[in-house]
$ cat my_file-v5.csv   # CSV, C-alpha atoms and all ligand atoms
chain,number,residue,atom,x,y,z
A,1,MET,CA,5.1,-7.0,19.1
A,2,ALA,CA,7.3,-9.5,20.8
A,3,ARG,CA,11.0,-9.1,19.9
A,4,LYS,CA,14.1,-11.2,19.8
A,5,SER,CA,16.7,-9.8,22.1
A,6,LYS,CA,20.2,-10.7,23.0
A,7,ALA,CA,20.3,-10.8,26.8
A,8,VAL,CA,22.7,-11.5,29.7
A,9,VAL,CA,21.2,-14.5,31.5
A,10,LEU,CA,22.2,-16.3,34.7
A,11,ARG,CA,21.3,-19.9,34.1
A,12,GLU,CA,22.3,-21.3,37.5
A,13,THR,CA,23.4,-19.5,40.6
A,14,GLY,CA,27.2,-19.7,41.0
A,15,GLN,CA,27.8,-20.3,37.3
A,16,SER,CA,29.1,-17.5,35.0
A,17,VAL,CA,26.6,-15.5,33.0
A,18,VAL,CA,25.8,-16.4,29.4
A,19,VAL,CA,24.7,-14.2,26.5
A,20,GLU,CA,21.7,-15.8,24.7
A,21,GLU,CA,18.9,-14.9,22.4
A,22,VAL,CA,15.6,-14.5,24.3
A,23,MET,CA,12.1,-13.3,23.4
A,24,ILE,CA,10.7,-10.2,25.1
A,25,GLN,CA,6.9,-9.8,25.1
A,26,SER,CA,5.3,-6.7,23.9
A,27,PRO,CA,4.0,-4.3,26.6
A,28,ARG,CA,0.6,-4.9,28.3
A,29,ARG,CA,-1.5,-2.5,30.2
A,30,GLY,CA,0.7,-0.1,32.1
A,31,GLU,CA,3.9,-1.3,30.6
A,32,ILE,CA,6.5,0.0,28.1
A,33,MET,CA,9.1,-1.7,25.9
A,34,ILE,CA,12.5,-0.1,25.9
A,35,LYS,CA,15.3,-0.6,23.3
A,36,MET,CA,18.2,-0.5,25.7
A,37,ALA,CA,21.2,1.7,24.9
A,38,ALA,CA,23.3,1.0,28.0
A,39,CYS,CA,23.3,-0.9,31.2
A,40,GLY,CA,25.7,-0.6,34.2
A,41,VAL,CA,27.2,-3.8,35.6
A,42,CYS,CA,26.5,-3.3,39.3
A,43,HIS,CA,27.7,-5.2,42.4
A,44,SER,CA,24.1,-6.3,43.0
A,45,ASP,CA,24.2,-8.1,39.6
A,46,LEU,CA,27.3,-9.9,40.7
A,47,SER,CA,25.6,-10.7,44.1
A,48,VAL,CA,22.8,-12.4,42.2
A,49,VAL,CA,25.3,-14.4,40.2
A,50,ASN,CA,27.2,-15.6,43.2
A,51,GLY,CA,24.1,-16.1,45.3
A,52,THR,CA,24.7,-13.4,47.9
A,53,ILE,CA,21.4,-11.9,46.8
A,54,GLY,CA,19.1,-15.0,46.4
A,55,LEU,CA,17.1,-14.4,43.2
A,56,PRO,CA,15.9,-17.6,41.4
A,57,ALA,CA,17.6,-18.5,38.1
A,58,PRO,CA,17.2,-18.6,35.2
A,59,ILE,CA,17.1,-14.8,35.3
A,60,VAL,CA,17.8,-11.9,32.9
A,61,LEU,CA,20.2,-9.6,34.8
A,62,GLY,CA,20.4,-5.8,34.8
A,63,HIS,CA,18.7,-3.1,36.8
A,64,GLU,CA,20.6,0.0,35.9
A,65,GLY,CA,19.8,0.7,32.3
A,66,ALA,CA,18.8,3.5,29.9
A,67,GLY,CA,17.2,3.4,26.5
A,68,VAL,CA,14.4,4.6,24.2
A,69,VAL,CA,10.8,3.6,24.4
A,70,VAL,CA,9.8,1.7,21.3
A,71,GLU,CA,6.3,0.5,22.2
A,72,VAL,CA,3.7,1.5,24.9
A,73,GLY,CA,0.9,-0.7,26.3
A,74,GLU,CA,-2.7,0.3,27.0
A,75,ASP,CA,-3.4,3.1,29.5
A,76,VAL,CA,0.1,4.5,29.3
A,77,ALA,CA,-0.2,8.2,29.5
A,78,ASP,CA,3.2,9.3,30.8
A,79,PHE,CA,5.4,7.7,28.1
A,80,ALA,CA,5.4,7.8,24.3
A,81,VAL,CA,7.5,6.1,21.7
A,82,GLY,CA,10.8,7.9,21.4
A,83,ASP,CA,11.0,8.9,25.0
A,84,HIS,CA,14.4,8.4,26.7
A,85,VAL,CA,14.1,6.5,30.0
A,86,VAL,CA,16.1,5.1,32.8
A,87,SER,CA,15.1,2.0,34.7
A,88,SER,CA,14.5,2.1,38.4
A,89,PHE,CA,15.5,-1.0,40.4
A,90,SER,CA,13.0,-0.2,43.1
A,91,TYR,CA,9.4,-0.6,42.0
A,92,SER,CA,7.1,2.0,43.4
A,93,CYS,CA,3.3,1.9,42.9
A,94,GLY,CA,2.7,5.6,43.3
A,95,LYS,CA,-0.5,4.9,45.3
A,96,CYS,CA,0.4,3.3,48.7
A,97,ARG,CA,0.9,5.4,51.9
A,98,PHE,CA,4.7,5.4,51.5
A,99,CYS,CA,4.6,6.5,47.9
A,100,LEU,CA,2.1,9.2,48.8
A,101,ILE,CA,4.3,10.7,51.5
A,102,GLY,CA,7.3,10.8,49.2
A,103,ARG,CA,9.0,7.6,50.5
A,104,ALA,CA,8.8,5.7,47.3
A,105,VAL,CA,11.7,3.4,48.2
A,106,LEU,CA,9.5,1.9,51.0
A,107,CYS,CA,6.6,1.2,48.6
A,108,VAL,CA,4.5,-1.7,50.0
A,109,ASP,CA,4.6,-3.4,46.6
A,110,ARG,CA,8.4,-2.9,46.2
A,111,ASP,CA,9.4,-6.5,46.9
A,112,LYS,CA,6.8,-7.9,44.6
A,113,ALA,CA,9.0,-6.9,41.7
A,114,SER,CA,12.3,-8.4,42.8
A,115,PHE,CA,12.6,-11.1,40.1
A,116,THR,CA,9.3,-10.7,38.1
A,117,LEU,CA,7.1,-7.8,37.2
A,118,ALA,CA,4.9,-6.8,40.2
A,119,ASP,CA,2.0,-9.0,39.1
A,120,GLY,CA,4.3,-12.1,39.3
A,121,SER,CA,4.5,-12.5,35.5
A,122,THR,CA,7.6,-12.2,33.4
A,123,PRO,CA,8.0,-10.7,29.9
A,124,ALA,CA,11.1,-12.8,29.0
A,125,ALA,CA,11.4,-16.4,27.7
A,126,ASP,CA,14.3,-18.3,26.3
A,127,ALA,CA,14.5,-19.8,22.8
A,128,ALA,CA,12.8,-23.0,24.0
A,129,GLY,CA,9.9,-20.9,25.3
A,130,LYS,CA,10.8,-21.4,29.0
A,131,ALA,CA,10.0,-18.3,31.2
A,132,LEU,CA,13.0,-16.3,32.4
A,133,ASN,CA,12.9,-14.2,35.6
A,134,VAL,CA,13.9,-10.5,35.3
A,135,MET,CA,16.0,-8.9,38.0
A,136,CYS,CA,14.3,-6.2,40.0
A,137,GLY,CA,11.3,-6.2,37.6
A,138,CYS,CA,13.8,-4.8,35.1
A,139,GLY,CA,16.0,-7.3,33.3
A,140,VAL,CA,17.6,-4.5,31.4
A,141,MET,CA,20.9,-6.2,30.5
A,142,SER,CA,19.1,-7.1,27.2
A,143,GLU,CA,18.7,-5.4,23.9
A,144,TYR,CA,15.0,-5.0,24.7
A,145,ALA,CA,13.1,-4.9,28.0
A,146,THR,CA,9.5,-4.7,28.8
A,147,VAL,CA,8.9,-3.0,32.2
A,148,SER,CA,6.1,-1.5,34.3
A,149,VAL,CA,5.8,2.3,34.0
A,150,ASN,CA,6.4,2.2,37.7
A,151,SER,CA,10.0,0.9,37.0
A,152,ALA,CA,11.0,3.6,34.5
A,153,VAL,CA,11.5,7.3,34.5
A,154,LYS,CA,11.5,9.7,31.6
A,155,ILE,CA,14.6,11.8,31.2
A,156,ASP,CA,16.1,14.7,29.3
A,157,PRO,CA,16.9,13.3,25.8
A,158,THR,CA,20.1,15.4,25.5
A,159,ILE,CA,21.8,13.4,28.3
A,160,PRO,CA,24.0,10.6,26.9
A,161,LEU,CA,22.3,7.3,27.8
A,162,ASP,CA,25.4,5.5,29.0
A,163,ARG,CA,25.8,8.2,31.7
A,164,ALA,CA,22.1,8.4,32.4
A,165,ALA,CA,21.9,4.7,33.1
A,166,LEU,CA,24.0,5.2,36.2
A,167,VAL,CA,21.3,7.1,38.1
A,168,GLY,CA,19.2,3.9,37.9
A,169,CYS,CA,21.1,2.5,40.9
A,170,GLY,CA,24.6,3.5,42.2
A,171,VAL,CA,24.6,7.3,41.7
A,172,THR,CA,21.2,7.9,43.2
A,173,THR,CA,22.0,5.6,46.1
A,174,GLY,CA,25.0,7.7,47.0
A,175,VAL,CA,24.0,11.2,46.1
A,176,GLY,CA,20.5,10.6,47.6
A,177,ALA,CA,22.0,9.4,50.9
A,178,ALA,CA,23.6,12.8,51.3
A,179,LEU,CA,20.8,15.0,49.9
A,180,ASN,CA,17.7,13.2,50.8
A,181,THR,CA,18.5,10.9,53.8
A,182,ALA,CA,21.0,12.9,55.8
A,183,LYS,CA,20.0,16.3,54.3
A,184,VAL,CA,23.6,17.5,54.5
A,185,THR,CA,23.7,21.3,55.2
A,186,PRO,CA,26.1,24.0,53.8
A,187,GLY,CA,29.2,24.5,55.9
A,188,SER,CA,28.9,21.1,57.7
A,189,THR,CA,31.4,18.3,58.1
A,190,ALA,CA,31.1,14.8,56.8
A,191,VAL,CA,33.0,11.5,56.9
A,192,VAL,CA,32.5,8.8,54.3
A,193,PHE,CA,33.7,5.3,55.0
A,194,GLY,CA,34.3,3.5,51.7
A,195,ALA,CA,35.2,5.3,48.5
A,196,GLY,CA,33.9,2.7,46.0
A,197,GLY,CA,31.0,3.3,43.6
A,198,VAL,CA,28.5,4.3,46.2
A,199,GLY,CA,31.0,6.2,48.5
A,200,LEU,CA,32.2,8.4,45.7
A,201,ASN,CA,28.6,9.4,45.0
A,202,VAL,CA,28.0,10.2,48.7
A,203,ILE,CA,31.1,12.3,48.6
A,204,GLN,CA,29.9,14.3,45.6
A,205,GLY,CA,26.5,14.5,47.1
A,206,CYS,CA,28.0,16.1,50.2
A,207,ALA,CA,30.0,18.5,48.0
A,208,VAL,CA,26.8,19.5,46.1
A,209,ALA,CA,25.1,20.2,49.4
A,210,GLY,CA,27.9,22.5,50.4
A,211,ALA,CA,29.7,20.5,53.1
A,212,MET,CA,32.8,22.3,54.1
A,213,ARG,CA,34.9,19.3,55.0
A,214,ILE,CA,34.5,15.9,53.5
A,215,ILE,CA,36.8,13.2,54.9
A,216,ALA,CA,37.1,9.9,52.9
A,217,VAL,CA,38.3,6.8,54.6
A,218,ASP,CA,39.3,3.7,52.6
A,219,MET,CA,41.9,0.9,52.4
A,220,SER,CA,42.9,1.7,48.8
A,221,GLU,CA,45.1,4.6,47.8
A,222,SER,CA,43.8,4.7,44.3
A,223,LYS,CA,40.2,5.0,45.6
A,224,LEU,CA,41.2,7.8,47.9
A,225,GLU,CA,42.8,9.6,44.9
A,226,LEU,CA,39.4,9.3,43.1
A,227,ALA,CA,37.7,10.5,46.3
A,228,ARG,CA,39.7,13.7,46.1
A,229,GLN,CA,38.5,14.2,42.5
A,230,PHE,CA,34.9,13.8,43.6
A,231,GLY,CA,35.2,16.4,46.4
A,232,ALA,CA,36.9,14.9,49.4
A,233,THR,CA,38.9,17.6,51.2
A,234,ASP,CA,40.8,15.1,53.4
A,235,VAL,CA,41.6,11.4,53.0
A,236,ILE,CA,42.6,8.7,55.5
A,237,LEU,CA,44.2,5.5,54.4
A,238,THR,CA,43.1,2.8,56.8
A,239,LYS,CA,43.5,-0.9,57.4
A,240,ALA,CA,40.9,-3.4,58.6
A,241,GLY,CA,40.2,-2.9,62.3
A,242,GLU,CA,41.9,0.5,62.6
A,243,ASP,CA,40.1,3.3,64.4
A,244,HIS,CA,40.7,6.9,63.3
A,245,THR,CA,38.1,8.5,65.5
A,246,LYS,CA,40.7,10.8,67.2
A,247,ALA,CA,42.0,12.1,63.9
A,248,ILE,CA,38.6,12.6,62.5
A,249,LYS,CA,37.4,14.5,65.7
A,250,LYS,CA,40.4,16.7,65.3
A,251,LEU,CA,39.7,17.5,61.7
A,252,THR,CA,36.0,18.2,62.4
A,253,ASP,CA,36.4,20.4,65.5
A,254,GLY,CA,35.1,17.8,68.0
A,255,GLY,CA,33.2,15.4,65.8
A,256,ALA,CA,31.5,15.2,62.3
A,257,ASP,CA,28.0,16.4,61.6
A,258,TYR,CA,27.4,13.5,59.2
A,259,ALA,CA,29.1,10.0,58.8
A,260,PHE,CA,28.2,7.5,56.0
A,261,GLU,CA,29.0,3.8,56.1
A,262,CYS,CA,29.2,2.7,52.4
A,263,ILE,CA,30.7,-0.8,52.7
A,264,GLY,CA,28.2,-2.9,54.6
A,265,TYR,CA,29.8,-3.8,57.9
A,266,GLY,CA,28.3,-3.2,61.4
A,267,ALA,CA,31.8,-2.7,62.7
A,268,VAL,CA,32.4,0.2,60.3
A,269,GLY,CA,28.9,1.6,61.2
A,270,GLU,CA,30.1,1.7,64.8
A,271,LEU,CA,33.1,3.7,63.8
A,272,ALA,CA,30.9,6.1,61.8
A,273,TYR,CA,28.7,6.6,64.8
A,274,LYS,CA,31.7,7.1,67.1
A,275,CYS,CA,33.2,9.9,65.0
A,276,LEU,CA,30.1,12.1,65.2
A,277,GLY,CA,29.9,15.2,67.2
A,278,ARG,CA,26.9,16.3,69.2
A,279,GLY,CA,23.7,16.2,67.1
A,280,GLY,CA,25.5,14.2,64.4
A,281,VAL,CA,23.8,11.8,62.0
A,282,ALA,CA,25.3,8.5,61.0
A,283,VAL,CA,23.8,6.8,57.9
A,284,MET,CA,24.2,3.2,57.0
A,285,VAL,CA,24.2,3.0,53.2
A,286,GLY,CA,26.1,-0.3,52.7
A,287,VAL,CA,24.1,-3.5,52.8
A,288,ALA,CA,25.5,-5.8,55.4
A,289,ALA,CA,25.1,-9.6,55.6
A,290,PRO,CA,21.9,-10.7,57.3
A,291,SER,CA,23.7,-11.9,60.5
A,292,ASP,CA,25.7,-8.7,60.8
A,293,THR,CA,25.0,-6.5,63.9
A,294,LEU,CA,26.4,-3.3,65.5
A,295,SER,CA,26.4,-1.8,68.9
A,296,ILE,CA,26.5,1.8,70.1
A,297,ARG,CA,26.6,3.4,73.6
A,298,THR,CA,22.9,3.9,74.2
A,299,MET,CA,23.2,7.0,76.4
A,300,THR,CA,24.8,9.0,73.6
A,301,LEU,CA,21.5,8.9,71.7
A,302,PRO,CA,19.7,11.2,74.2
A,303,PHE,CA,22.7,13.0,75.8
A,304,GLU,CA,24.2,14.0,72.4
A,305,GLU,CA,21.0,13.8,70.3
A,306,LYS,CA,22.8,11.6,67.8
A,307,THR,CA,20.9,9.8,65.1
A,308,LEU,CA,21.7,6.4,63.5
A,309,MET,CA,19.7,5.8,60.4
A,310,GLY,CA,19.6,3.8,57.2
A,311,SER,CA,19.3,4.8,53.6
A,312,TYR,CA,17.9,2.7,50.8
A,313,PHE,CA,18.4,3.8,47.2
A,314,GLY,CA,19.1,7.3,48.5
A,315,SER,CA,15.6,7.7,49.9
A,316,CYS,CA,14.7,8.8,46.4
A,317,VAL,CA,11.5,9.3,44.6
A,318,PRO,CA,12.7,8.1,41.1
A,319,ARG,CA,10.5,10.5,39.1
A,320,VAL,CA,11.8,13.5,41.1
A,321,ASP,CA,15.4,12.5,41.8
A,322,PHE,CA,16.5,11.0,38.5
A,323,PRO,CA,15.8,14.2,36.5
A,324,ARG,CA,17.2,16.3,39.4
A,325,ILE,CA,20.5,14.4,39.5
A,326,LEU,CA,20.8,14.4,35.7
A,327,GLY,CA,20.2,18.2,35.9
A,328,LEU,CA,23.1,18.5,38.3
A,329,TYR,CA,25.2,16.6,35.8
A,330,LYS,CA,24.2,18.8,33.0
A,331,GLY,CA,25.0,21.8,35.0
A,332,HIS,CA,28.5,20.5,35.7
A,333,LYS,CA,27.8,20.1,39.4
A,334,LEU,CA,28.0,16.3,39.5
A,335,LYS,CA,30.4,13.9,37.8
A,336,LEU,CA,29.1,10.9,35.8
A,337,ASP,CA,31.7,10.6,33.0
A,338,GLU,CA,34.5,9.9,35.4
A,339,LEU,CA,32.5,7.0,37.0
A,340,ILE,CA,32.6,4.8,33.9
A,341,SER,CA,35.9,2.9,33.8
A,342,ARG,CA,35.2,0.7,30.9
A,343,ARG,CA,32.5,0.0,28.2
A,344,TYR,CA,31.7,-3.5,27.0
A,345,SER,CA,29.7,-4.9,24.1
A,346,ILE,CA,26.9,-7.3,25.2
A,347,ASP,CA,29.0,-10.3,24.0
A,348,GLU,CA,31.7,-9.2,26.4
A,349,ALA,CA,29.3,-9.4,29.4
A,350,PRO,CA,31.1,-12.4,30.9
A,351,LYS,CA,34.3,-10.4,30.9
A,352,ALA,CA,32.6,-7.4,32.4
A,353,PHE,CA,31.4,-9.7,35.3
A,354,ALA,CA,34.9,-11.2,35.7
A,355,ASP,CA,36.4,-7.7,35.8
A,356,LEU,CA,34.0,-6.6,38.4
A,357,ALA,CA,34.6,-9.7,40.5
A,358,ALA,CA,38.4,-9.1,40.3
A,359,GLY,CA,37.9,-5.6,41.8
A,360,GLY,CA,39.1,-2.3,40.5
A,361,ASN,CA,37.6,1.2,40.4
A,362,GLY,CA,34.6,2.7,38.7
A,363,ARG,CA,31.8,1.2,36.8
A,364,GLY,CA,31.7,-1.1,33.7
A,365,VAL,CA,28.9,-0.3,31.3
A,366,ILE,CA,27.4,-2.6,28.6
A,367,ILE,CA,26.7,-0.6,25.4
A,368,PHE,CA,24.0,-2.1,23.1
A,401,ZN,ZN,22.8,-1.7,41.4
A,402,ZN,ZN,3.7,2.3,46.7
$ encode --input "my_file-v5.csv" --output "structure tokens"
Amino acid sequence: MARKSKAVVLRETGQSVVVEEVMIQSPRRGEIMIKMAACGVCHSDLSVVNGTIGLPAPIVLGHEGAGVVVEVGEDVADFAVGDHVVSSFSYSCGKCRFCLIGRAVLCVDRDKASFTLADGSTPAADAAGKALNVMCGCGVMSEYATVSVNSAVKIDPTIPLDRAALVGCGVTTGVGAALNTAKVTPGSTAVVFGAGGVGLNVIQGCAVAGAMRIIAVDMSESKLELARQFGATDVILTKAGEDHTKAIKKLTDGGADYAFECIGYGAVGELAYKCLGRGGVAVMVGVAAPSDTLSIRTMTLPFEEKTLMGSYFGSCVPRVDFPRILGLYKGHKLKLDELISRRYSIDEAPKAFADLAAGGNGRGVIIF
């Protein structure tokens, strides 16, 4: 049945978010309705609010949520009422050539579910009956959400849902960049530029993979302190425009095996590439502005067999990687508790967005 639901809505790009009562439709064929338990407040939500990511308002925000299935639509075989699930912000159809070769983040239908469900419809409407878009086909900053089965993953019900929510975006983006994209090997050396939410997860991904030396570079001392807690063996406090290539090459016996750019600047990507040794791999994880570019010395590609590559959502296959990452958490190999800096009620959502905009460490999570 359709349900009333308090939701965090962006009415107009550039305005602050509002909490209002909306209606969420019951699930149709291939859909499930989730009673949300928690939803992370991610930088991408803020980017939708301020217009950096251009999704049309009015829109229900949220793409990093976890909850319990309360209703399933027709032809839903993989989910049942009572299942614990995490939303995936990247829709994957499971049938296209990218999905079939294990590159679900490149699904040809991915971008069809950026502000509606993949079929262009939306399950949310406001009190006046006007349709509301849903961020990333999720719209999980809401007490209830109806999503495609291709936007949700069943998880171990013993994992606390506020922690589980984080694998729906930030944690998988970082950990996956190390494990899936770069395929960091034991005994290797890695440099991570930017120790924010994503960078910290790259650092712990490198640690899980057995990297011997993990160097974190950031402009904030407090972030570097956190980086140490997440597995960085060395930290470098930097300023905008500073080049620490020499120091990094010294620490890594001639150049790093892996370097990760987790901020979203081509100029930092150039530094990441420069500090690599022979055969090194530089991974762009941060999302740069559309006009941003970078340049590298072309001849180093063949002569040193270097690689420059990108990583989207940790090159994950949600149904494989969410349970895998949560298993690492359960086995005390990965930190999630320490990522949550503050919990908010849904009524406090505007404050959560203001806190995020003001900066600071870690992740705010809305608890329903
Ligand atoms: Zn996100
Ligand atoms: Zn696909």
$ closest_residue --input "my_file-v5.csv" --among "A:Asp218, A:Glu143, A:Asp75, A:Asp109" --to "Ser345 of chain A" --atoms "all atoms listed in the file"
A:Glu143
$ closest_residue --input "my_file-v5.csv" --among "A:Ile214, A:Val268, A:Cys42, A:Ile346" --to "Gly194 of chain A" --atoms "only C-alpha atoms"
A:Val268
$ residues_near_ligand --input "my_file-v5.csv" --ligand "ligand ZN 401 (chain A)" --cutoff "10 Å" --atoms "only C-alpha atoms and all ligand atoms" --output "VMD selection string"
chain A and resid 40 to 47 62 to 65 88 to 89 136 166 to 173 197 to 198 313
$ atom_distance --input "my_file-v5.csv" --atom1 "atom CA of Val140 of chain A" --atom2 "atom CA of Ala152 of chain A"
10.9 Å
$ residues_around --input "my_file-v5.csv" --residues "segment 230-234 of chain A" --least-positions-apart "3" --cutoff "9 Å" --atoms "only C-alpha atoms" --output "ChimeraX atom specification"
/A:192,200-201,203-208,212-217,224,226-227,251,334-335
$ closest_residue --input "my_file-v5.csv" --among "A:Leu100, A:Leu328, A:Leu117, A:Val147" --to "ligand ZN 402 (chain A)" --atoms "all atoms listed in the file"
A:Leu100
$ residues_around --input "my_file-v5.csv" --residues "Ile34 of chain A" --least-positions-apart "4" --cutoff "7 Å" --atoms "all atoms listed in the file" --output "PyMOL selection string"
chain A and resi 67-70+144-146
$ residues_near_ligand --input "my_file-v5.csv" --ligand "ligand ZN 402 (chain A)" --cutoff "8 Å" --atoms "only C-alpha atoms and all ligand atoms" --output "list in words"
Tyr91, Ser92, Cys93, Gly94, Lys95, Cys96, Arg97, Phe98, Cys99, Leu100, Ala104, Leu106, Cys107, Val108, Asp109 and Arg110 of chain A
$ write_last_selection --input "my_file-v5.csv" --atoms "C-alpha atoms" --output "tab-separated table (two decimals), keeping the file's coordinate frame"
chain	number	residue	atom	x	y	z
A	91	TYR	CA	9.40	-0.60	42.00
A	92	SER	CA	7.10	2.00	43.40
A	93	CYS	CA	3.30	1.90	42.90
A	94	GLY	CA	2.70	5.60	43.30
A	95	LYS	CA	-0.50	4.90	45.30
A	96	CYS	CA	0.40	3.30	48.70
A	97	ARG	CA	0.90	5.40	51.90
A	98	PHE	CA	4.70	5.40	51.50
A	99	CYS	CA	4.60	6.50	47.90
A	100	LEU	CA	2.10	9.20	48.80
A	104	ALA	CA	8.80	5.70	47.30
A	106	LEU	CA	9.50	1.90	51.00
A	107	CYS	CA	6.60	1.20	48.60
A	108	VAL	CA	4.50	-1.70	50.00
A	109	ASP	CA	4.60	-3.40	46.60
A	110	ARG	CA	8.40	-2.90	46.20
$ closest_residue --input "my_file-v5.csv" --among "A:Gly51, A:Gly196, A:Gly241, A:Gly102" --to "Glu221 of chain A" --atoms "all atoms listed in the file"
A:Gly196
$ atom_distance --input "my_file-v5.csv" --atom1 "atom CA of Val9 of chain A" --atom2 "atom CA of Pro58 of chain A"
6.8 Å
$ decode --input "my_file-v5.csv" --residues "segment 57-68 of chain A" --atoms "N, CA and C atoms" --output "JSON list (two decimals), in the first residue's frame"
[["chain", "number", "residue", "atom", "x", "y", "z"],
["A", 57, "ALA", "N", 14.87, 19.65, -9.29],
["A", 57, "ALA", "CA", 13.99, 19.71, -8.12],
["A", 57, "ALA", "C", 12.55, 19.85, -8.62],
["A", 58, "PRO", "N", 11.54, 19.54, -7.80],
["A", 58, "PRO", "CA", 11.66, 19.01, -6.43],
["A", 58, "PRO", "C", 12.11, 17.56, -6.43],
["A", 59, "ILE", "N", 12.95, 17.25, -5.46],
["A", 59, "ILE", "CA", 13.54, 15.91, -5.42],
["A", 59, "ILE", "C", 13.73, 15.44, -3.98],
["A", 60, "VAL", "N", 13.40, 14.18, -3.75],
["A", 60, "VAL", "CA", 13.68, 13.55, -2.46],
["A", 60, "VAL", "C", 15.14, 13.13, -2.48],
["A", 61, "LEU", "N", 15.92, 13.61, -1.51],
["A", 61, "LEU", "CA", 17.36, 13.33, -1.48],
["A", 61, "LEU", "C", 17.64, 11.95, -0.87],
["A", 62, "GLY", "N", 18.92, 11.61, -0.83],
["A", 62, "GLY", "CA", 19.34, 10.38, -0.18],
["A", 62, "GLY", "C", 19.65, 9.27, -1.15],
["A", 63, "HIS", "N", 20.87, 8.70, -1.00],
["A", 63, "HIS", "CA", 21.28, 7.60, -1.88],
["A", 63, "HIS", "C", 22.19, 6.63, -1.15],
["A", 64, "GLU", "N", 22.26, 6.76, 0.18],
["A", 64, "GLU", "CA", 23.18, 5.93, 0.97],
["A", 64, "GLU", "C", 22.41, 5.46, 2.20],
["A", 65, "GLY", "N", 21.41, 4.61, 1.98],
["A", 65, "GLY", "CA", 20.50, 4.25, 3.07],
["A", 65, "GLY", "C", 20.44, 2.76, 3.31],
["A", 66, "ALA", "N", 19.94, 2.41, 4.50],
["A", 66, "ALA", "CA", 19.72, 1.01, 4.83],
["A", 66, "ALA", "C", 18.42, 0.88, 5.60],
["A", 67, "GLY", "N", 17.75, -0.24, 5.44],
["A", 67, "GLY", "CA", 16.48, -0.44, 6.13],
["A", 67, "GLY", "C", 15.99, -1.87, 5.97],
["A", 68, "VAL", "N", 14.69, -2.03, 6.18],
["A", 68, "VAL", "CA", 14.09, -3.36, 6.19],
["A", 68, "VAL", "C", 12.95, -3.39, 5.16]]
